[in-house]
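> One structure, pasted below without further comment.
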Amino acid sequence: MNCREIGDSGAVLCFRDALFQGLGPTGDLLLPSPWPQLSTEALDAILSLPSQERLHRLTCLIFEDEFGTQATGGIARDAFNFPLPVVQIEEGVFVLELFHGPTLAFKDMGARFLARSMEVARGQGFCGEKVTILTATSGDTGAAVANAFHGVAGMNVVVLFPEGRISRRQELQLTTLAGNVTACSVRGTFDDCQNLVREAFSDLDLRRKVGLTTANSMNLGRLLPQSLYYFEGVAGLLSAGEDLDSLNAVICVPSGNFGNLTSGLLAHRMGLPVNRFVAATNVNDTVPRYLLNGKYDPRPTIATHSNAMDVSAPNNWTRVESLFDGNREKIREIVSGASVTDEEVLATIRDVFDRLGYILDPHTAVGYAALKRTQRSGEVGLVLATAHPGKFPEAMKRALGEEPPVPPQLARLEGLPEHRVSLSSSLDALRELLLS
């Protein structure tokens with residue numbers, strides 16, 4: 001599979017180069033070119049398979065030419081070894097639970113695929129000796145990446161997170177690992193962390209010296225496998241009694257850096273049978289405003305209860321635009337936007353629990369509220385549940401009056417030794433850390 005740089009260069013890389021370089025030669029994002037498309041017969045066959053077989057089949061369809069059949073199957077088996085259930089919570093509304101992986105967030109799927117595929121590529125002699133994975137996180141990415149790569153020989157991981165802007169439990173998932181993982185609290189916002197990553201990648205000498213790559217959704221190795229769980233969502237709707245031939249589905253995607261929506265749009269191009277998507281944001285609503293009025297106007301980032309979505313200048317929006325040749329009206333034919341306030345988030349969590357007995361985390365609550373506001377008559381709605389509510393005790397206590405039970409994966413982190421580096425939001429400080 002080839003990967004083409006979005007910018008003016010139009011440079012083409014093979015997928016394994018894209019894994020280890022992260023970005024294109026001039027620092028722009030990459031998209032797969034070409035991308036596989038399923039025939040009606042192939043789609044029917046894949047949707048009828050058991051979950052693990054479906055994930056294996058799709059992984060081989062996309063990546064087999066890169067790694068070989070046996071190795072690709074091994075990657076799928078190791079990376080996608082947790083359930084992805086679809087739960088109906090009320091008439092016409094389903095939830096795809098993506099939080100059953102080791103760090104209780106949807107990003108486990110992409111991060112584990114990235115780690116395993118890098119291991120395989122290195123084992124096949126594809127990469128040099130040094131690999132440094134630099135990633136910025138607004139909450140869940142860092143934990144998923146750190147967990148996936150922890151203890152992997154020959155790979156160092158540096159995670160940048162905005163100081164005081166992720167939940168305490170998300171922080172513990174980063175700071176209690178140590179070993180080949182360095183957690184850096186950056187004095188600034190997630191956008192500052194993200195800008196540091198981009199600046200580091202612009203320094204070609206630094207990239208060469210430390211073997212720099214990234215595990216953010218900027219890296220296609222993190223982004224592309226997320227397309228697979230959209231097929232799990234549709235298969236779940238069919239198992240619940242929906243009919244494929246008359247399926248009128250809308251998928252609501254809680255959106256921060258917009259990698260998740262990009263993955264969904266790629267799944268749609270592959271043949272995913274859904275009519276449209278809703279990009280649900282919190283009050284950091286650059287994209288919903290753009291879709292409404294045509295003005296792309298990022299504002300200062302505001303901290304919210306749905307902190308993993310506190311992004312004002314989403315990197316992946318350029319990918320979305322590229323998929324539609326920069327035509328806003330074409331985007332609007334399949335993507336609508338909606339923003340949800342913190343007050344609405346808390347009210348939604350409380351309302352859904354009281355009426356339906358289902359507990360939404362703050363990010364999924366953004367998605368549910370946005371879906372209910374935009375769902376059309378006759379549509380079946382699927383909300384991506386992106387994180388476990390136990391990761392956000394403060395917000396959940398505000399909404400419900402008490403914290404949900406603490407999952408064992410999080411409870412065991414309490415009291416463990418922590419290791420972190422405090423970093424200013426300057427490239428010089430980051431460069432010194434990476435070179436050391």
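Each chain in the structure tokens gets a letter, A, B, ..., in the order shown, and its residues are numbered from 1; ligands are numbered from 1 in order too.
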Val274 in chain A: which residues within 9 Å, counting only C-alpha atoms, same-chain residues fewer than 6 positions away excluded, as a ChimeraX atom specification?

/A:234,247-251,268

> Pick out the residues sitting within 10 Å of Ala240 in chain A, and hand them over as a ChimeraX atom specification; count only C-alpha atoms, and ignore anything fewer than 6 positions along from it in its own chain.

/A:86-88,94,234

> Pull N, CA and C atoms from the residues just selected and write them as a short mmCIF file (atom, residue, chain, number, x, y, z; two decimals), in the first residue's frame.


data_model
loop_
_atom_site.label_atom_id
_atom_site.label_comp_id
_atom_site.auth_asym_id
_atom_site.auth_seq_id
_atom_site.Cartn_x
_atom_site.Cartn_y
_atom_site.Cartn_z
N VAL A 86 -21.52 -3.98 20.59
CA VAL A 86 -22.52 -2.98 20.27
C VAL A 86 -23.70 -3.19 21.23
N VAL A 87 -24.08 -2.12 21.93
CA VAL A 87 -25.13 -2.19 22.95
C VAL A 87 -26.26 -1.25 22.56
N GLN A 88 -27.48 -1.76 22.53
CA GLN A 88 -28.63 -0.89 22.29
C GLN A 88 -29.05 -0.28 23.62
N PHE A 94 -27.78 3.03 19.42
CA PHE A 94 -26.83 2.01 19.83
C PHE A 94 -25.50 2.66 20.19
N VAL A 234 -21.29 -1.71 12.41
CA VAL A 234 -22.37 -2.07 11.48
C VAL A 234 -22.76 -3.54 11.67
#

> Which residues are near Thr281 in chain A? Cut-off 7 Å, only C-alpha atoms, ignore same chain within fewer than 2 positions. Put them as a ChimeraX atom specification.

/A:254-256,279,283-285,309,338-340,366

> The selected residues should be written to file as a PDB file, in the first residue's frame (atoms: N, CA and C atoms).


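Now in part.pdb:
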ATOM      1  N   PRO A 254     -17.449  11.251  18.600  1.00  0.00           N
ATOM      2  CA  PRO A 254     -16.841  12.265  19.461  1.00  0.00           C
ATOM      3  C   PRO A 254     -15.477  12.651  18.888  1.00  0.00           C
ATOM      4  N   SER A 255     -15.261  13.949  18.668  1.00  0.00           N
ATOM      5  CA  SER A 255     -14.127  14.382  17.837  1.00  0.00           C
ATOM      6  C   SER A 255     -13.279  15.430  18.554  1.00  0.00           C
ATOM      7  N   GLY A 256     -11.969  15.190  18.554  1.00  0.00           N
ATOM      8  CA  GLY A 256     -11.014  16.154  19.090  1.00  0.00           C
ATOM      9  C   GLY A 256     -10.005  16.522  18.028  1.00  0.00           C
ATOM     10  N   ALA A 279     -19.913  14.794  13.384  1.00  0.00           N
ATOM     11  CA  ALA A 279     -18.697  15.129  14.120  1.00  0.00           C
ATOM     12  C   ALA A 279     -19.111  15.903  15.360  1.00  0.00           C
ATOM     13  N   VAL A 283     -17.014  22.437  23.448  1.00  0.00           N
ATOM     14  CA  VAL A 283     -17.061  23.856  23.066  1.00  0.00           C
ATOM     15  C   VAL A 283     -15.863  24.284  22.234  1.00  0.00           C
ATOM     16  N   ASN A 284     -14.867  23.427  22.097  1.00  0.00           N
ATOM     17  CA  ASN A 284     -13.770  23.678  21.150  1.00  0.00           C
ATOM     18  C   ASN A 284     -14.268  23.247  19.770  1.00  0.00           C
ATOM     19  N   ASP A 285     -15.025  24.147  19.157  1.00  0.00           N
ATOM     20  CA  ASP A 285     -15.938  23.795  18.056  1.00  0.00           C
ATOM     21  C   ASP A 285     -15.508  24.357  16.705  1.00  0.00           C
ATOM     22  N   MET A 309     -10.913  15.744  24.053  1.00  0.00           N
ATOM     23  CA  MET A 309     -11.396  16.447  22.863  1.00  0.00           C
ATOM     24  C   MET A 309     -11.107  17.948  22.935  1.00  0.00           C
ATOM     25  N   ALA A 338     -21.759  19.199  15.395  1.00  0.00           N
ATOM     26  CA  ALA A 338     -22.547  19.668  16.530  1.00  0.00           C
ATOM     27  C   ALA A 338     -21.608  19.819  17.718  1.00  0.00           C
ATOM     28  N   SER A 339     -21.788  20.883  18.489  1.00  0.00           N
ATOM     29  CA  SER A 339     -20.967  21.090  19.681  1.00  0.00           C
ATOM     30  C   SER A 339     -21.846  21.029  20.925  1.00  0.00           C
ATOM     31  N   VAL A 340     -21.256  20.578  22.027  1.00  0.00           N
ATOM     32  CA  VAL A 340     -21.994  20.314  23.262  1.00  0.00           C
ATOM     33  C   VAL A 340     -21.238  20.961  24.418  1.00  0.00           C
ATOM     34  N   VAL A 366     -20.941  13.599  24.940  1.00  0.00           N
ATOM     35  CA  VAL A 366     -20.925  14.587  23.853  1.00  0.00           C
ATOM     36  C   VAL A 366     -21.523  13.963  22.597  1.00  0.00           C
TER      37      VAL A 366
END

> Using only C-alpha atoms, which residue out of A:Ser246, A:Gln21, A:Ser227, A:Gln170 lies closest to Ile133 in chain A?

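Smallest separation from Ile133 in chain A among the options: A:Gln21.
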
> With only C-alpha atoms as the counted atoms, please give the residues lying no more than 10 Å from Glu344 in chain A, apart from itself and same-chain residues fewer than 3 positions off, as a PDB file with C-alpha atoms, in the first residue's frame.


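part32.pdb written:
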ATOM      1  CA  ASN A 282     -17.264  20.037  22.956  1.00  0.00           C
ATOM      2  CA  SER A 339     -20.967  21.090  19.681  1.00  0.00           C
ATOM      3  CA  VAL A 340     -21.994  20.314  23.262  1.00  0.00           C
ATOM      4  CA  THR A 341     -21.334  22.361  26.414  1.00  0.00           C
ATOM      5  CA  ALA A 347     -27.116  16.748  32.183  1.00  0.00           C
ATOM      6  CA  THR A 348     -26.836  14.055  29.490  1.00  0.00           C
ATOM      7  CA  ILE A 349     -24.907  11.658  31.744  1.00  0.00           C
ATOM      8  CA  ARG A 350     -27.519  12.146  34.476  1.00  0.00           C
ATOM      9  CA  PRO A 362     -18.056  12.659  29.277  1.00  0.00           C
ATOM     10  CA  ALA A 365     -22.020  11.957  26.382  1.00  0.00           C
ATOM     11  CA  VAL A 366     -20.925  14.587  23.853  1.00  0.00           C
ATOM     12  CA  ALA A 369     -26.187  14.583  22.935  1.00  0.00           C
TER      13      ALA A 369
END

> Determine, counting only C-alpha atoms, which protein, DNA and RNA residues have an atom within 9 Å of an atom of range 112-118 of chain A; residues of the same chain fewer than 5 positions away are not included. Present the result as JSON, numbers by chain.

{"A": [16, 19, 20, 67, 71, 72, 74, 75, 76, 78, 79, 80, 107, 123, 127, 144, 145, 147, 148, 149, 152, 215, 219, 220, 221, 222, 223, 225]}

> Output N, CA and C atoms for every residue in that selection, as an mmCIF file, in the first residue's frame.


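What ended up in selection-v9.cif:
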data_model
loop_
_atom_site.group_PDB
_atom_site.id
_atom_site.type_symbol
_atom_site.label_atom_id
_atom_site.label_comp_id
_atom_site.auth_asym_id
_atom_site.auth_seq_id
_atom_site.Cartn_x
_atom_site.Cartn_y
_atom_site.Cartn_z
ATOM 1 N N ARG A 16 5.431 0.941 5.205
ATOM 2 C CA ARG A 16 6.433 0.750 6.259
ATOM 3 C C ARG A 16 7.289 1.996 6.446
ATOM 4 N N LEU A 19 5.208 4.245 8.555
ATOM 5 C CA LEU A 19 5.227 3.855 9.965
ATOM 6 C C LEU A 19 6.334 4.560 10.719
ATOM 7 N N PHE A 20 7.532 4.535 10.145
ATOM 8 C CA PHE A 20 8.704 5.007 10.880
ATOM 9 C C PHE A 20 9.012 6.481 10.640
ATOM 10 N N PHE A 67 3.409 -6.947 4.935
ATOM 11 C CA PHE A 67 4.072 -7.785 5.926
ATOM 12 C C PHE A 67 4.043 -9.276 5.596
ATOM 13 N N ALA A 71 2.541 -12.947 8.977
ATOM 14 C CA ALA A 71 2.871 -11.865 9.900
ATOM 15 C C ALA A 71 1.678 -10.936 10.116
ATOM 16 N N THR A 72 0.930 -10.645 9.054
ATOM 17 C CA THR A 72 -0.231 -9.777 9.189
ATOM 18 C C THR A 72 -1.284 -10.411 10.094
ATOM 19 N N GLY A 74 -0.682 -12.448 12.491
ATOM 20 C CA GLY A 74 -0.162 -12.347 13.852
ATOM 21 C C GLY A 74 -0.370 -10.973 14.447
ATOM 22 N N ILE A 75 -0.191 -9.939 13.627
ATOM 23 C CA ILE A 75 -0.433 -8.571 14.098
ATOM 24 C C ILE A 75 -1.890 -8.416 14.531
ATOM 25 N N ALA A 76 -2.812 -8.883 13.696
ATOM 26 C CA ALA A 76 -4.234 -8.768 14.021
ATOM 27 C C ALA A 76 -4.573 -9.546 15.288
ATOM 28 N N ASP A 78 -2.622 -10.336 17.843
ATOM 29 C CA ASP A 78 -2.048 -9.736 19.048
ATOM 30 C C ASP A 78 -2.666 -8.379 19.382
ATOM 31 N N ALA A 79 -3.010 -7.607 18.345
ATOM 32 C CA ALA A 79 -3.472 -6.238 18.576
ATOM 33 C C ALA A 79 -4.945 -6.162 18.934
ATOM 34 N N PHE A 80 -5.759 -7.019 18.332
ATOM 35 C CA PHE A 80 -7.211 -6.902 18.474
ATOM 36 C C PHE A 80 -7.764 -8.064 19.294
ATOM 37 N N LYS A 107 -8.387 4.248 21.647
ATOM 38 C CA LYS A 107 -7.080 4.351 21.001
ATOM 39 C C LYS A 107 -6.201 3.126 21.221
ATOM 40 N N GLY A 123 11.704 -6.619 12.742
ATOM 41 C CA GLY A 123 12.139 -8.009 12.662
ATOM 42 C C GLY A 123 12.429 -8.449 11.240
ATOM 43 N N CYS A 127 13.971 -1.393 9.519
ATOM 44 C CA CYS A 127 14.250 -0.112 10.167
ATOM 45 C C CYS A 127 15.652 -0.083 10.744
ATOM 46 N N ALA A 144 -2.553 4.835 25.767
ATOM 47 C CA ALA A 144 -2.643 3.704 24.837
ATOM 48 C C ALA A 144 -1.288 3.428 24.194
ATOM 49 N N VAL A 145 -0.606 4.486 23.772
ATOM 50 C CA VAL A 145 0.700 4.335 23.127
ATOM 51 C C VAL A 145 1.735 3.825 24.122
ATOM 52 N N ASN A 147 1.320 2.150 26.866
ATOM 53 C CA ASN A 147 1.045 0.763 27.215
ATOM 54 C C ASN A 147 1.439 -0.194 26.091
ATOM 55 N N ALA A 148 1.116 0.189 24.855
ATOM 56 C CA ALA A 148 1.387 -0.690 23.710
ATOM 57 C C ALA A 148 2.879 -0.895 23.482
ATOM 58 N N PHE A 149 3.682 0.140 23.734
ATOM 59 C CA PHE A 149 5.121 0.068 23.459
ATOM 60 C C PHE A 149 5.958 -0.221 24.696
ATOM 61 N N VAL A 152 8.988 -2.765 24.844
ATOM 62 C CA VAL A 152 9.374 -3.230 23.512
ATOM 63 C C VAL A 152 10.833 -2.844 23.265
ATOM 64 N N ALA A 215 3.328 8.396 17.296
ATOM 65 C CA ALA A 215 2.216 7.456 17.437
ATOM 66 C C ALA A 215 0.896 8.191 17.587
ATOM 67 N N ASN A 219 0.239 9.535 12.476
ATOM 68 C CA ASN A 219 0.857 8.341 11.897
ATOM 69 C C ASN A 219 -0.231 7.422 11.357
ATOM 70 N N LEU A 220 -0.143 7.077 10.083
ATOM 71 C CA LEU A 220 -1.162 6.216 9.479
ATOM 72 C C LEU A 220 -1.235 4.847 10.145
ATOM 73 N N GLY A 221 -0.136 4.394 10.748
ATOM 74 C CA GLY A 221 -0.160 3.123 11.448
ATOM 75 C C GLY A 221 -1.063 3.147 12.664
ATOM 76 N N ARG A 222 -1.329 4.326 13.218
ATOM 77 C CA ARG A 222 -2.283 4.483 14.312
ATOM 78 C C ARG A 222 -3.692 4.712 13.778
ATOM 79 N N LEU A 223 -3.773 5.413 12.657
ATOM 80 C CA LEU A 223 -5.064 5.871 12.132
ATOM 81 C C LEU A 223 -5.815 4.786 11.374
ATOM 82 N N PRO A 225 -5.915 1.374 11.277
ATOM 83 C CA PRO A 225 -6.628 0.254 11.913
ATOM 84 C C PRO A 225 -7.914 0.668 12.605
#

> Between CA of Leu160 in chain A and CA of Ser185 in chain A, what is the spacing in Å?

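Here the two named atoms are 6.1 Å from each other.
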
> Identify, on the basis of only C-alpha atoms, every residue whose closest approach to Pro162 in chain A does not exceed 9 Å; exclude the query and any residue fewer than 2 positions from it along the same chain; express the result as number ranges by chain.

A: 136-139, 160, 164-166, 184-193

> Restricting it to N, CA and C atoms, dump the selection as a compact mmCIF listing (two decimals), in the first residue's frame.


# COMPACT_ATOMS: atom_id res chain seq x y z
N ALA A 136 1.98 13.44 21.33
CA ALA A 136 1.26 14.36 22.20
C ALA A 136 -0.08 13.76 22.54
N THR A 137 -0.56 14.03 23.75
CA THR A 137 -1.84 13.47 24.15
C THR A 137 -2.71 14.52 24.84
N SER A 138 -4.00 14.46 24.54
CA SER A 138 -4.98 15.28 25.26
C SER A 138 -5.70 14.43 26.29
N GLY A 139 -5.23 13.21 26.50
CA GLY A 139 -5.82 12.37 27.52
C GLY A 139 -5.57 10.89 27.30
N LEU A 160 4.06 13.67 25.51
CA LEU A 160 3.84 15.04 25.97
C LEU A 160 2.37 15.21 26.34
N GLY A 164 -1.87 19.55 34.11
CA GLY A 164 -3.11 19.91 34.78
C GLY A 164 -4.35 19.84 33.92
N ARG A 165 -4.25 19.30 32.69
CA ARG A 165 -5.39 19.31 31.78
C ARG A 165 -5.85 17.92 31.37
N ILE A 166 -5.33 16.88 32.01
CA ILE A 166 -5.87 15.54 31.83
C ILE A 166 -6.28 15.03 33.21
N CYS A 184 6.12 13.46 29.90
CA CYS A 184 6.51 14.86 30.03
C CYS A 184 5.29 15.74 30.21
N SER A 185 5.19 16.43 31.35
CA SER A 185 4.11 17.39 31.55
C SER A 185 4.56 18.72 30.98
N VAL A 186 3.82 19.21 30.00
CA VAL A 186 4.18 20.43 29.28
C VAL A 186 3.37 21.59 29.84
N ARG A 187 4.05 22.69 30.10
CA ARG A 187 3.37 23.88 30.62
C ARG A 187 2.66 24.58 29.47
N GLY A 188 1.43 24.14 29.20
CA GLY A 188 0.66 24.69 28.09
C GLY A 188 -0.56 23.83 27.82
N THR A 189 -1.16 24.00 26.64
CA THR A 189 -2.35 23.25 26.24
C THR A 189 -1.95 22.07 25.36
N PHE A 190 -2.95 21.25 25.00
CA PHE A 190 -2.66 20.17 24.07
C PHE A 190 -2.18 20.72 22.73
N ASP A 191 -2.75 21.83 22.28
CA ASP A 191 -2.29 22.41 21.02
C ASP A 191 -0.81 22.75 21.08
N ASP A 192 -0.33 23.20 22.26
CA ASP A 192 1.11 23.46 22.43
C ASP A 192 1.90 22.16 22.31
N CYS A 193 1.40 21.10 22.92
CA CYS A 193 2.07 19.79 22.81
C CYS A 193 2.13 19.33 21.36

> Per DSSP on the backbone, filter range 233-416 of chain A down to the residues in alpha helix (DSSP H) and report them as a ChimeraX atom specification.

/A:233-239,259-270,286-293,317-323,328-334,342-356,362-374,393-400,408-411

> Leaving out Arg299 in chain A and any residue of its chain fewer than 3 positions from it, which residues lie within 10 Å of it when counting only C-alpha atoms, given as a VMD selection string?

chain A and resid 284 to 286 296 302 311 to 313

> Those residues with N, CA and C atoms, as a compact mmCIF listing (two decimals), in the first residue's frame please?


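Now in out30.txt:
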# COMPACT_ATOMS: atom_id res chain seq x y z
N ASN A 284 -14.87 23.43 22.10
CA ASN A 284 -13.77 23.68 21.15
C ASN A 284 -14.27 23.25 19.77
N ASP A 285 -15.03 24.15 19.16
CA ASP A 285 -15.94 23.80 18.06
C ASP A 285 -15.51 24.36 16.71
N THR A 286 -14.21 24.36 16.44
CA THR A 286 -13.71 24.93 15.18
C THR A 286 -14.39 24.30 13.97
N TYR A 296 -12.84 28.82 8.85
CA TYR A 296 -12.01 27.98 9.72
C TYR A 296 -11.24 28.89 10.66
N ILE A 302 -10.25 25.65 25.27
CA ILE A 302 -10.94 25.73 26.56
C ILE A 302 -10.93 24.35 27.20
N VAL A 311 -9.31 20.27 21.74
CA VAL A 311 -8.41 20.57 20.62
C VAL A 311 -9.09 21.64 19.77
N SER A 312 -8.38 22.73 19.52
CA SER A 312 -8.95 23.81 18.72
C SER A 312 -8.46 23.80 17.28
N ALA A 313 -7.28 23.23 17.05
CA ALA A 313 -6.72 23.19 15.69
C ALA A 313 -6.41 21.74 15.33

> Would you list, as an NGL selection string, the residues of range 40-139 of chain A that end up in strand (DSSP E) under DSSP run on this structure's backbone?

:A and (86-90 or 93-97 or 131-136)

> Would you work out the distance separating CA of Ala235 in chain A from CA of Ser48 in chain A, expressed in Å to one decimal?

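Between CA of Ala235 in chain A and CA of Ser48 in chain A the gap works out to 7.3 Å.
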
> Using only C-alpha atoms, pick whichever of A:Leu400, A:Ala267, A:Leu49, A:Asp205 has the shortest atom-to-atom distance to Asp354 in chain A.

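Among the listed residues, A:Leu400 lies closest to Asp354 in chain A.
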
> Under the rule that only C-alpha atoms are counted, which of A:His56, A:Val120, A:Phe201, A:Val181 is the nearest residue to Asp28 in chain A?

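Using only C-alpha atoms, the shortest distance to Asp28 in chain A belongs to A:Phe201.
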
> Could you state the separation of CA of Leu238 in chain A and CA of Arg269 in chain A in Å, given to one decimal place?

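Atom-to-atom, CA of Leu238 in chain A to CA of Arg269 in chain A, that is 19.8 Å.
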